[in-house]
$ cat query-v7.cif   # mmCIF, C-alpha atoms and all ligand atoms
data_entry
loop_
_atom_site.label_atom_id
_atom_site.label_comp_id
_atom_site.auth_asym_id
_atom_site.auth_seq_id
_atom_site.Cartn_x
_atom_site.Cartn_y
_atom_site.Cartn_z
CA MET O 255 89.89 131.73 87.61
CA ALA O 256 89.33 130.70 84.02
CA GLY O 257 88.26 127.89 81.74
CA ILE O 258 90.50 126.64 78.94
CA VAL O 259 89.55 125.89 75.34
CA ILE O 260 92.03 124.09 73.10
CA ASP O 261 90.64 124.19 69.59
CA GLY O 262 92.13 122.12 66.74
CA VAL O 263 95.66 122.46 68.06
CA SER O 264 98.56 120.66 66.37
CA LYS O 265 102.26 120.94 67.09
CA TYR O 266 104.93 119.88 64.62
CA PHE O 267 108.56 120.11 65.68
CA LYS O 268 110.57 118.65 62.83
CA GLY O 269 109.47 116.27 60.12
CA GLU O 270 105.96 115.19 59.33
CA LYS O 271 104.88 113.53 62.54
CA ALA O 272 102.97 115.77 64.90
CA ALA O 273 103.82 115.71 68.62
CA VAL O 274 100.18 116.78 69.17
CA TYR O 275 97.59 116.34 66.47
CA ASP O 276 94.32 118.22 66.05
CA LEU O 277 93.60 118.43 69.76
CA ASP O 278 90.20 119.66 70.95
CA LEU O 279 89.85 119.96 74.71
CA GLU O 280 87.59 122.11 76.84
CA VAL O 281 88.31 122.45 80.52
CA GLU O 282 85.71 124.15 82.65
CA ASP O 283 86.47 126.85 85.14
CA GLY O 284 87.61 125.13 88.34
CA GLU O 285 87.82 121.69 86.78
CA PHE O 286 90.67 119.24 87.51
CA VAL O 287 91.64 117.47 84.28
CA VAL O 288 94.38 114.87 84.21
CA VAL O 289 96.15 114.31 80.87
CA VAL O 290 97.48 110.78 80.83
CA GLY O 291 99.12 108.49 78.32
CA PRO O 292 102.29 106.56 77.58
CA SER O 293 105.69 108.22 77.19
CA GLY O 294 105.94 110.40 74.08
CA CYS O 295 102.16 110.73 73.54
CA GLY O 296 102.27 114.54 73.63
CA LYS O 297 101.29 115.35 77.22
CA THR O 298 104.18 117.68 78.02
CA THR O 299 103.97 119.39 74.63
CA THR O 300 100.29 120.12 75.31
CA LEU O 301 101.13 121.57 78.71
CA ARG O 302 104.02 123.62 77.30
CA MET O 303 101.70 125.11 74.69
CA LEU O 304 99.25 126.06 77.44
CA ALA O 305 102.08 127.60 79.43
CA GLY O 306 103.35 129.54 76.40
CA PHE O 307 106.73 127.80 76.06
CA GLU O 308 105.71 126.34 72.69
CA THR O 309 103.55 127.95 70.02
CA PRO O 310 100.93 125.77 68.34
CA THR O 311 101.62 125.13 64.65
CA LYS O 312 97.87 125.22 64.10
CA GLY O 313 94.72 125.95 66.13
CA THR O 314 93.95 128.26 69.02
CA ILE O 315 94.24 128.17 72.79
CA ARG O 316 91.90 130.28 74.89
CA ILE O 317 92.29 130.90 78.60
CA GLY O 318 89.42 132.73 80.27
CA GLY O 319 87.90 133.38 76.85
CA LYS O 320 91.01 135.14 75.54
CA VAL O 321 93.17 133.73 72.71
CA VAL O 322 96.66 133.36 74.18
CA ASN O 323 98.63 131.87 71.25
CA GLN O 324 100.89 134.93 71.14
CA VAL O 325 100.73 135.86 74.84
CA PRO O 326 104.08 135.33 76.64
CA PRO O 327 104.14 132.90 79.61
CA LYS O 328 104.47 135.61 82.24
CA ASP O 329 101.23 137.28 81.11
CA ARG O 330 99.09 134.13 81.18
CA ASP O 331 98.49 134.12 84.95
CA LEU O 332 99.44 130.47 85.31
CA ALA O 333 101.40 128.66 87.95
CA MET O 334 103.41 125.66 86.87
CA VAL O 335 105.16 122.78 88.51
CA PHE O 336 107.22 120.86 85.99
CA GLN O 337 109.25 117.65 86.26
CA ASN O 338 112.42 119.72 86.63
CA TYR O 339 111.05 122.33 89.03
CA ALA O 340 113.37 125.28 89.44
CA LEU O 341 113.83 126.78 92.89
CA PHE O 342 116.11 129.71 93.65
CA PRO O 343 119.22 127.94 95.02
CA HIS O 344 120.54 130.86 97.06
CA MET O 345 117.24 131.51 98.88
CA THR O 346 115.87 129.68 101.89
CA ILE O 347 112.73 127.61 101.44
CA GLN O 348 110.81 130.28 103.33
CA LYS O 349 111.98 132.91 100.82
CA ASN O 350 111.35 130.62 97.86
CA LEU O 351 107.78 130.14 99.02
CA ALA O 352 107.26 133.82 99.79
CA PHE O 353 108.82 135.08 96.54
CA GLY O 354 105.66 135.53 94.46
CA MET O 355 103.76 137.23 97.27
CA LYS O 356 106.69 139.56 97.98
CA ILE O 357 106.76 140.64 94.32
CA ARG O 358 103.04 141.37 94.60
CA ARG O 359 103.78 143.47 97.71
CA THR O 360 101.66 141.30 100.00
CA PRO O 361 101.89 142.47 103.65
CA ARG O 362 104.62 140.68 105.64
CA THR O 363 102.24 139.23 108.22
CA THR O 364 100.03 137.72 105.49
CA ILE O 365 103.08 136.22 103.75
CA LYS O 366 104.27 134.67 107.02
CA LYS O 367 100.85 133.23 107.80
CA GLU O 368 100.26 131.79 104.33
CA VAL O 369 103.76 130.34 103.98
CA GLU O 370 103.44 128.62 107.35
CA GLU O 371 100.00 127.31 106.46
CA ILE O 372 101.05 125.84 103.12
CA ALA O 373 104.30 124.46 104.59
CA GLY O 374 102.26 122.71 107.28
CA MET O 375 99.89 121.32 104.69
CA LEU O 376 102.79 119.96 102.62
CA GLY O 377 104.75 118.66 105.61
CA ILE O 378 107.78 120.92 105.04
CA SER O 379 107.51 123.29 108.04
CA GLN O 380 110.79 122.03 109.48
CA LEU O 381 112.63 122.86 106.23
CA LEU O 382 111.80 126.57 105.97
CA GLY O 383 115.27 127.69 107.09
CA ARG O 384 117.18 125.43 104.67
CA LYS O 385 118.26 126.04 101.08
CA PRO O 386 117.09 123.86 98.13
CA GLY O 387 120.51 122.15 97.88
CA GLU O 388 119.97 120.75 101.38
CA LEU O 389 116.68 119.03 100.46
CA SER O 390 115.84 115.64 98.95
CA GLY O 391 114.20 115.51 95.51
CA GLY O 392 110.80 114.82 97.03
CA GLU O 393 111.14 117.71 99.49
CA ARG O 394 112.13 120.07 96.67
CA GLN O 395 109.10 118.91 94.71
CA ARG O 396 106.81 119.79 97.60
CA VAL O 397 108.40 123.23 97.89
CA ALA O 398 107.79 123.81 94.16
CA LEU O 399 104.15 122.78 94.65
CA GLY O 400 103.80 125.10 97.64
CA ARG O 401 105.27 128.02 95.73
CA ALA O 402 102.87 127.47 92.83
CA LEU O 403 99.89 127.15 95.19
CA LEU O 404 100.79 130.42 96.93
CA ARG O 405 100.65 132.31 93.66
CA ARG O 406 96.85 131.80 93.55
CA PRO O 407 96.86 131.74 89.74
CA GLN O 408 93.82 131.42 87.50
CA VAL O 409 95.20 128.19 86.00
CA PHE O 410 97.43 125.59 87.55
CA LEU O 411 99.64 123.40 85.29
CA LEU O 412 101.32 120.38 86.82
CA ASP O 413 103.65 118.00 84.99
CA GLU O 414 104.29 114.79 86.94
CA PRO O 415 104.54 116.78 90.18
CA LEU O 416 104.66 113.67 92.36
CA SER O 417 107.19 111.69 90.33
CA ASN O 418 110.06 112.07 92.82
CA LEU O 419 108.10 110.95 95.86
CA ASP O 420 108.06 107.46 97.31
CA ALA O 421 104.86 105.41 97.04
CA ALA O 422 103.50 106.26 100.50
CA LEU O 423 104.14 109.99 100.15
CA ARG O 424 102.70 109.97 96.64
CA ALA O 425 99.46 108.43 97.90
CA GLN O 426 99.31 111.02 100.70
CA MET O 427 100.02 113.92 98.31
CA ARG O 428 97.30 112.73 95.91
CA VAL O 429 94.80 113.17 98.71
CA GLU O 430 96.34 116.50 99.76
CA LEU O 431 96.22 117.91 96.24
CA LYS O 432 92.58 116.92 95.87
CA ARG O 433 91.82 118.50 99.22
CA ILE O 434 93.64 121.70 98.26
CA HIS O 435 91.75 121.77 94.97
CA ALA O 436 88.43 121.36 96.76
CA GLN O 437 89.42 124.29 98.97
CA TYR O 438 90.74 126.48 96.11
CA PRO O 439 89.06 125.18 92.95
CA VAL O 440 91.58 126.57 90.46
CA THR O 441 91.32 125.21 86.90
CA THR O 442 93.99 122.52 86.87
CA ILE O 443 95.68 120.50 84.12
CA TYR O 444 97.73 117.71 85.57
CA VAL O 445 100.00 115.56 83.40
CA THR O 446 101.03 112.07 84.38
CA HIS O 447 101.74 108.68 82.85
CA ASP O 448 100.35 107.01 85.97
CA GLN O 449 96.82 105.68 85.51
CA VAL O 450 96.23 105.48 89.26
CA GLU O 451 96.96 109.21 89.64
CA ALA O 452 94.67 109.93 86.71
CA MET O 453 91.80 107.79 87.99
CA THR O 454 91.99 108.93 91.62
CA MET O 455 92.51 112.65 91.12
CA ALA O 456 90.70 113.73 87.98
CA ASP O 457 87.27 115.24 87.55
CA ARG O 458 87.87 114.11 83.96
CA VAL O 459 90.70 112.16 82.38
CA ALA O 460 92.08 113.08 78.94
CA LEU O 461 93.76 110.00 77.51
CA MET O 462 96.32 110.56 74.73
CA GLN O 463 98.23 108.24 72.43
CA GLY O 464 100.57 109.11 69.59
CA GLY O 465 99.74 112.83 69.81
CA ARG O 466 95.99 112.22 69.57
CA LEU O 467 93.30 112.52 72.19
CA GLN O 468 91.68 109.10 72.51
CA GLN O 469 89.02 109.88 75.07
CA ILE O 470 88.07 112.51 77.61
CA ALA O 471 85.73 111.26 80.29
CA LYS O 472 85.07 110.90 83.99
CA PRO O 473 87.28 108.17 85.49
CA GLU O 474 84.34 105.77 85.93
CA THR O 475 83.23 106.29 82.33
CA LEU O 476 86.76 105.70 81.02
CA TYR O 477 86.82 102.43 82.94
CA GLU O 478 83.31 101.25 82.05
CA GLN O 479 82.98 102.70 78.56
CA PRO O 480 86.47 102.88 77.03
CA THR O 481 86.32 104.24 73.51
CA ASN O 482 88.69 101.65 72.02
CA ILE O 483 91.07 98.80 72.85
CA PHE O 484 93.89 101.18 73.79
CA ALA O 485 91.70 103.03 76.31
CA ALA O 486 90.40 99.75 77.74
CA SER O 487 93.89 98.39 78.26
CA PHE O 488 95.39 101.63 79.60
CA VAL O 489 93.26 101.69 82.73
CA GLY O 490 92.74 98.85 85.18
CA THR O 491 95.11 96.67 87.18
CA PRO O 492 95.51 93.84 86.37
CA LYS O 493 94.81 94.66 82.74
CA ILE O 494 91.63 93.76 80.91
CA ASN O 495 91.67 90.39 79.10
CA PHE O 496 91.11 90.26 75.35
CA PHE O 497 90.01 87.21 73.37
CA PRO O 498 89.20 86.80 69.67
CA GLY O 499 85.46 86.33 69.20
CA THR O 500 82.75 85.97 66.59
CA LEU O 501 79.25 87.43 66.46
CA ARG O 502 76.55 85.46 64.68
CA ARG O 503 73.13 86.92 64.10
CA GLU O 504 70.26 84.48 64.52
CA ASP O 505 66.57 85.25 64.18
CA ALA O 506 66.09 85.19 67.92
CA GLY O 507 69.17 87.22 68.85
CA VAL O 508 72.93 87.43 68.59
CA ASP O 509 75.37 84.67 69.54
CA LEU O 510 78.86 85.50 70.72
CA SER O 511 81.53 82.80 70.55
CA PHE O 512 84.86 83.13 72.34
CA LEU O 513 87.29 80.69 73.96
CA SER O 514 85.32 77.45 74.16
CA CYS O 515 81.86 78.90 74.73
CA THR O 516 78.96 80.46 72.87
CA GLN O 517 76.66 82.92 74.59
CA ARG O 518 73.28 84.18 73.48
CA LEU O 519 73.22 87.94 73.93
CA ASN O 520 69.73 89.00 74.85
CA GLY O 521 68.05 92.23 75.82
CA SER O 522 69.51 95.61 75.01
CA LEU O 523 73.02 94.23 74.41
CA GLY O 524 71.71 91.82 71.75
CA ALA O 525 69.53 94.52 70.22
CA LYS O 526 72.46 96.95 70.03
CA LEU O 527 74.81 94.40 68.51
CA SER O 528 72.26 93.25 65.94
CA GLN O 529 72.68 96.70 64.33
CA PHE O 530 76.29 95.98 63.41
CA VAL O 531 77.46 93.90 60.49
CA VAL O 532 80.78 93.21 62.21
CA GLU O 533 81.50 89.51 62.70
CA ASP O 534 85.04 89.39 64.01
CA VAL O 535 85.32 91.06 67.36
CA THR O 536 87.76 91.38 70.23
CA VAL O 537 86.05 90.35 73.44
CA GLY O 538 87.16 92.16 76.59
CA PHE O 539 86.57 91.10 80.19
CA ARG O 540 88.09 92.88 83.14
CA PRO O 541 89.67 90.50 85.69
CA GLU O 542 86.93 91.20 88.26
CA ASP O 543 84.22 90.25 85.75
CA ILE O 544 85.41 86.65 85.58
CA ARG O 545 84.21 84.43 88.41
CA LEU O 546 85.26 81.11 89.80
CA ALA O 547 82.27 78.85 89.11
CA PRO O 548 81.30 75.81 91.14
CA GLY O 549 80.02 73.97 88.01
CA THR O 550 81.64 71.07 86.22
CA ALA O 551 83.44 70.92 82.89
CA GLY O 552 81.28 70.91 79.79
CA GLU O 553 78.46 72.92 81.33
CA LEU O 554 77.70 76.05 79.36
CA PRO O 555 78.60 78.87 79.70
CA LEU O 556 81.59 77.76 81.72
CA VAL O 557 85.13 77.59 80.42
CA SER O 558 87.68 75.15 81.82
CA ALA O 559 91.06 76.65 82.62
CA THR O 560 94.28 75.52 84.28
CA VAL O 561 95.72 77.68 87.03
CA GLU O 562 99.27 78.84 86.27
CA LEU O 563 99.91 81.44 88.95
CA VAL O 564 98.22 82.49 92.17
CA GLU O 565 98.95 85.92 93.63
CA PRO O 566 97.34 86.36 97.05
CA LEU O 567 97.06 90.12 97.71
CA GLY O 568 95.35 89.87 101.09
CA SER O 569 91.95 91.32 100.32
CA GLU O 570 91.75 89.53 96.96
CA THR O 571 93.62 87.00 94.84
CA ASN O 572 94.85 87.47 91.30
CA VAL O 573 94.89 84.21 89.40
CA VAL O 574 96.52 83.69 86.02
CA ALA O 575 94.98 80.73 84.22
CA ARG O 576 95.33 79.21 80.78
CA VAL O 577 92.73 78.07 78.27
CA MET O 578 94.53 76.51 75.30
CA ASP O 579 96.99 79.19 74.13
CA GLN O 580 95.12 81.99 75.88
CA VAL O 581 96.27 83.40 79.20
CA ILE O 582 93.51 84.86 81.40
CA THR O 583 93.92 87.03 84.47
CA CYS O 584 91.12 86.87 87.02
CA LYS O 585 90.54 88.76 90.24
CA PHE O 586 88.98 86.41 92.76
CA PRO O 587 88.07 86.97 96.41
CA ALA O 588 90.65 86.25 99.11
CA ARG O 589 91.35 82.70 100.30
CA THR O 590 90.53 80.82 97.10
CA GLY O 591 92.69 77.88 98.19
CA LEU O 592 93.86 77.49 94.59
CA SER O 593 97.32 76.43 93.51
CA SER O 594 99.01 76.10 90.16
CA GLY O 595 97.94 73.08 88.14
CA ASP O 596 94.35 73.14 89.47
CA VAL O 597 91.63 72.89 86.83
CA ILE O 598 88.91 75.48 87.42
CA GLN O 599 85.69 76.57 85.76
CA LEU O 600 85.39 80.21 84.79
CA GLU O 601 82.14 82.10 84.45
CA PHE O 602 82.04 85.37 82.51
CA ASP O 603 79.74 88.20 83.59
CA MET O 604 78.07 88.92 80.26
CA ALA O 605 76.56 92.16 81.58
CA GLN O 606 80.11 93.52 81.74
CA VAL O 607 81.44 92.25 78.40
CA LYS O 608 83.21 94.83 76.26
CA LEU O 609 83.17 94.13 72.54
CA PHE O 610 85.51 95.85 70.10
CA ASP O 611 85.55 95.91 66.32
CA LYS O 612 88.57 93.77 65.40
CA GLU O 613 89.44 96.10 62.51
CA SER O 614 89.01 99.60 63.94
CA THR O 615 89.47 98.52 67.61
CA ASN O 616 86.51 100.77 68.49
CA HIS O 617 84.15 99.83 71.32
CA LEU O 618 80.86 98.45 70.00
CA ASN O 619 78.57 98.07 73.01
P1 LIG G 701 106.89 111.72 78.64
O1 LIG G 701 105.82 111.06 79.45
O2 LIG G 701 107.98 110.79 78.25
O3 LIG G 701 107.35 113.03 79.22
P2 LIG G 701 105.08 113.10 76.78
O4 LIG G 701 103.79 112.40 76.58
O5 LIG G 701 105.09 114.25 77.69
O6 LIG G 701 106.21 112.06 77.18
P3 LIG G 701 106.12 114.92 74.80
O7 LIG G 701 107.29 115.34 75.61
O8 LIG G 701 105.02 115.88 74.65
O9 LIG G 701 105.56 113.54 75.32
O10 LIG G 701 106.65 114.52 73.35
C1 LIG G 701 105.77 114.17 72.28
C2 LIG G 701 106.62 113.89 71.04
O11 LIG G 701 107.23 115.11 70.59
C3 LIG G 701 107.76 112.91 71.24
O12 LIG G 701 107.83 112.08 70.12
C4 LIG G 701 108.97 113.79 71.41
O13 LIG G 701 110.12 113.11 70.95
C5 LIG G 701 108.63 114.98 70.52
N1 LIG G 701 109.23 116.22 71.01
C6 LIG G 701 108.98 116.82 72.20
N2 LIG G 701 109.66 117.98 72.32
C7 LIG G 701 110.38 118.12 71.17
C8 LIG G 701 111.30 119.11 70.65
N3 LIG G 701 111.59 120.20 71.36
N4 LIG G 701 111.83 118.90 69.42
C9 LIG G 701 111.51 117.80 68.70
N5 LIG G 701 110.65 116.85 69.11
C10 LIG G 701 110.10 116.99 70.32
#
$ encode --input "query-v7.cif" --output "structure tokens"
Amino acid sequence: MAGIVIDGVSKYFKGEKAAVYDLDLEVEDGEFVVVVGPSGCGKTTTLRMLAGFETPTKGTIRIGGKVVNQVPPKDRDLAMVFQNYALFPHMTIQKNLAFGMKIRRTPRTTIKKEVEEIAGMLGISQLLGRKPGELSGGERQRVALGRALLRRPQVFLLDEPLSNLDAALRAQMRVELKRIHAQYPVTTIYVTHDQVEAMTMADRVALMQGGRLQQIAKPETLYEQPTNIFAASFVGTPKINFFPGTLRREDAGVDLSFLSCTQRLNGSLGAKLSQFVVEDVTVGFRPEDIRLAPGTAGELPLVSATVELVEPLGSETNVVARVMDQVITCKFPARTGLSSGDVIQLEFDMAQVKLFDKESTNHLN
């Protein structure tokens, strides 16, 4: 197994805009890193450079301490599962799975045992006698995964490997892949645009936008301490709410005004914010950090809102409410008994507020 170091890597195809720009990323030996971001942000290009299908325009890539910029794909000891996984069409699934081990002259009995084990794990045991053309897209994807797993490489590269599966199977495979990784902790880079996959599977998440790495952090840190507005809005369902706000420094502390309320920020939050000269901020509250308050209108720090939409999800209720021209999404407990048109009082959990510089969009607190 091997760690990966991507050092100042950029990739330009044509023109001036880089597909990947000045990327620094260190992945520890055995770590599971998920690269996530919107379409076109440079995820696949990053993976293809690691695999050796693209050469970086600038910077170096090290795998297991060795610079591999000029090393051809076959000599990098990687196993890959890409969006368009290629299986040998004329071979049975059994033979497709066994191929790598056969090349390595693994004893027949070992091949049989390992193929059966991995097929069982991936739920494709009944397909071993068929050919790829006789399988559904999701089944083929699982075969491609199985084949890569059986290679026992030092690095595992996966590009949207679950994209062809239905929601239930995808959820099951997420768990399976994590279990397999716990069993065989191969250094893994997993590319997806799906924030749920990133948050549930990663040891660390690398979030990209426009070819640039925005943040690399543990899933909880990405959620609690997003580096900027993009990172804050990329993770979390429903999405975080943003409001325009103003900070005013008083002798006794810092006041934050947003919507129709002003809050005194005390303690460490106030102390931290008093260091900044920024006045105009973007105030972020995740839907679960807004509560339905029993108080009456006009009481500070409550904000009056009118319910526009109620989405009962069973265990909780998403409520979309309006305060003037601002739409707010809240996550309330189940059985709120609310309906559209109701006037409610909202209470904001100030311990969870996320403040961003309006200009740079960077997180301040
Ligand atoms: P998706 O989630 O849609 O697969 P991605 O994040 O994987 O997107 P990339 O495929 O890495 O994004 O593409 C990053 C940028 O580089 C895009 O603007 C894309 O158009 C461009 N690009 C990718 N491959 C090439 C190529 N071979 N030639 C020219 N431009 C390319």
$ residues_near_ligand --input "query-v7.cif" --ligand "ligand LIG 701 (chain G)" --cutoff "9 Å" --atoms "only C-alpha atoms and all ligand atoms" --output "short mmCIF file (atom, residue, chain, number, x, y, z; two decimals) with C-alpha atoms, in the frame of the given file"
data_model
loop_
_atom_site.label_atom_id
_atom_site.label_comp_id
_atom_site.auth_asym_id
_atom_site.auth_seq_id
_atom_site.Cartn_x
_atom_site.Cartn_y
_atom_site.Cartn_z
CA LYS O 265 102.26 120.94 67.09
CA TYR O 266 104.93 119.88 64.62
CA PHE O 267 108.56 120.11 65.68
CA LYS O 268 110.57 118.65 62.83
CA GLY O 269 109.47 116.27 60.12
CA LYS O 271 104.88 113.53 62.54
CA ALA O 272 102.97 115.77 64.90
CA ALA O 273 103.82 115.71 68.62
CA VAL O 274 100.18 116.78 69.17
CA VAL O 289 96.15 114.31 80.87
CA VAL O 290 97.48 110.78 80.83
CA GLY O 291 99.12 108.49 78.32
CA PRO O 292 102.29 106.56 77.58
CA SER O 293 105.69 108.22 77.19
CA GLY O 294 105.94 110.40 74.08
CA CYS O 295 102.16 110.73 73.54
CA GLY O 296 102.27 114.54 73.63
CA LYS O 297 101.29 115.35 77.22
CA THR O 298 104.18 117.68 78.02
CA THR O 299 103.97 119.39 74.63
CA THR O 300 100.29 120.12 75.31
CA LEU O 301 101.13 121.57 78.71
CA ARG O 302 104.02 123.62 77.30
CA GLU O 308 105.71 126.34 72.69
CA GLN O 337 109.25 117.65 86.26
CA ASP O 413 103.65 118.00 84.99
CA GLU O 414 104.29 114.79 86.94
CA VAL O 445 100.00 115.56 83.40
CA THR O 446 101.03 112.07 84.38
CA HIS O 447 101.74 108.68 82.85
CA MET O 462 96.32 110.56 74.73
CA GLN O 463 98.23 108.24 72.43
CA GLY O 464 100.57 109.11 69.59
CA GLY O 465 99.74 112.83 69.81
#
$ residues_around --input "query-v7.cif" --residues "range 535-539 of chain O" --least-positions-apart "3" --cutoff "9 Å" --atoms "all atoms listed in the file" --output "PyMOL selection string"
chain O and resi 483+486+494-501+512+532+542-544+602-604+606-613+615
$ atom_distance --input "query-v7.cif" --atom1 "CA of Arg384 in chain O" --atom2 "CA of Leu412 in chain O"
24.4 Å
$ closest_residue --input "query-v7.cif" --among "O:Gly387, O:Ala333, O:Ser522, O:Lys349" --to "Leu399 in chain O" --atoms "only C-alpha atoms"
O:Ala333
$ atom_distance --input "query-v7.cif" --atom1 "CA of Gly319 in chain O" --atom2 "CA of Asp331 in chain O"
13.4 Å
$ atom_distance --input "query-v7.cif" --atom1 "CA of Ser558 in chain O" --atom2 "CA of Ile598 in chain O"
5.7 Å
$ closest_residue --input "query-v7.cif" --among "O:His344, O:Gln479, O:Asn418, O:Phe488" --to "Leu461 in chain O" --atoms "only C-alpha atoms"
O:Phe488
$ residues_around --input "query-v7.cif" --residues "Gln580 in chain O" --least-positions-apart "2" --cutoff "12 Å" --atoms "only C-alpha atoms" --output "number ranges by chain"
O: 495-498, 512-514, 557-562, 574-578, 582-583
$ closest_residue --input "query-v7.cif" --among "O:Val508, O:Leu382, O:Ala436, O:Ile365" --to "Met345 in chain O" --atoms "all atoms listed in the file"
O:Leu382
$ residues_around --input "query-v7.cif" --residues "Ala485 in chain O" --least-positions-apart "6" --cutoff "8 Å" --atoms "only C-alpha atoms" --output "PDB file with C-alpha atoms, in the coordinates of the input"
ATOM      1  CA  LEU O 461      93.760 110.000  77.510  1.00  0.00           C
ATOM      2  CA  GLN O 468      91.680 109.100  72.510  1.00  0.00           C
ATOM      3  CA  GLN O 469      89.020 109.880  75.070  1.00  0.00           C
ATOM      4  CA  LEU O 476      86.760 105.700  81.020  1.00  0.00           C
TER       5      LEU O 476
END
$ closest_residue --input "query-v7.cif" --among "O:Ile470, O:Gly377, O:Asp579, O:Asn323" --to "Glu280 in chain O" --atoms "only C-alpha atoms"
O:Ile470
$ residues_around --input "query-v7.cif" --residues "Thr590 in chain O" --least-positions-apart "2" --cutoff "10 Å" --atoms "all atoms listed in the file" --output "short mmCIF file (atom, residue, chain, number, x, y, z; two decimals) with C-alpha atoms, keeping the file's coordinate frame"
data_model
loop_
_atom_site.label_atom_id
_atom_site.label_comp_id
_atom_site.auth_asym_id
_atom_site.auth_seq_id
_atom_site.Cartn_x
_atom_site.Cartn_y
_atom_site.Cartn_z
CA LEU O 546 85.26 81.11 89.80
CA VAL O 564 98.22 82.49 92.17
CA PRO O 566 97.34 86.36 97.05
CA GLU O 570 91.75 89.53 96.96
CA THR O 571 93.62 87.00 94.84
CA ASN O 572 94.85 87.47 91.30
CA VAL O 573 94.89 84.21 89.40
CA PHE O 586 88.98 86.41 92.76
CA PRO O 587 88.07 86.97 96.41
CA ALA O 588 90.65 86.25 99.11
CA LEU O 592 93.86 77.49 94.59
CA SER O 593 97.32 76.43 93.51
#
$ closest_residue --input "query-v7.cif" --among "O:Leu527, O:Val450, O:Leu600, O:Leu376" --to "Thr491 in chain O" --atoms "all atoms listed in the file"
O:Val450
$ residues_near_point --input "query-v7.cif" --point "(87.5, 123.5, 88.4)" --cutoff "10 Å" --atoms "only C-alpha atoms" --output "list in words"
Met255, Ala256, Gly257, Val281, Glu282, Asp283, Gly284, Glu285, Phe286, Val287, Val409, His435, Ala436, Tyr438, Pro439, Val440, Thr441, Thr442, Ile443 and Asp457 of chain O
$ closest_residue --input "query-v7.cif" --among "O:Arg362, O:Arg394, O:Arg330, O:Lys367" --to "Ile347 in chain O" --atoms "only C-alpha atoms"
O:Arg394
$ residues_around --input "query-v7.cif" --residues "Leu404 in chain O" --least-positions-apart "5" --cutoff "9 Å" --atoms "only C-alpha atoms" --output "PyMOL selection string"
chain O and resi 351-352+354-355+368-369+372+399
$ write_last_selection --input "query-v7.cif" --atoms "C-alpha atoms" --output "compact mmCIF listing (two decimals), in the coordinates of the input"
# COMPACT_ATOMS: atom_id res chain seq x y z
CA LEU O 351 107.78 130.14 99.02
CA ALA O 352 107.26 133.82 99.79
CA GLY O 354 105.66 135.53 94.46
CA MET O 355 103.76 137.23 97.27
CA GLU O 368 100.26 131.79 104.33
CA VAL O 369 103.76 130.34 103.98
CA ILE O 372 101.05 125.84 103.12
CA LEU O 399 104.15 122.78 94.65
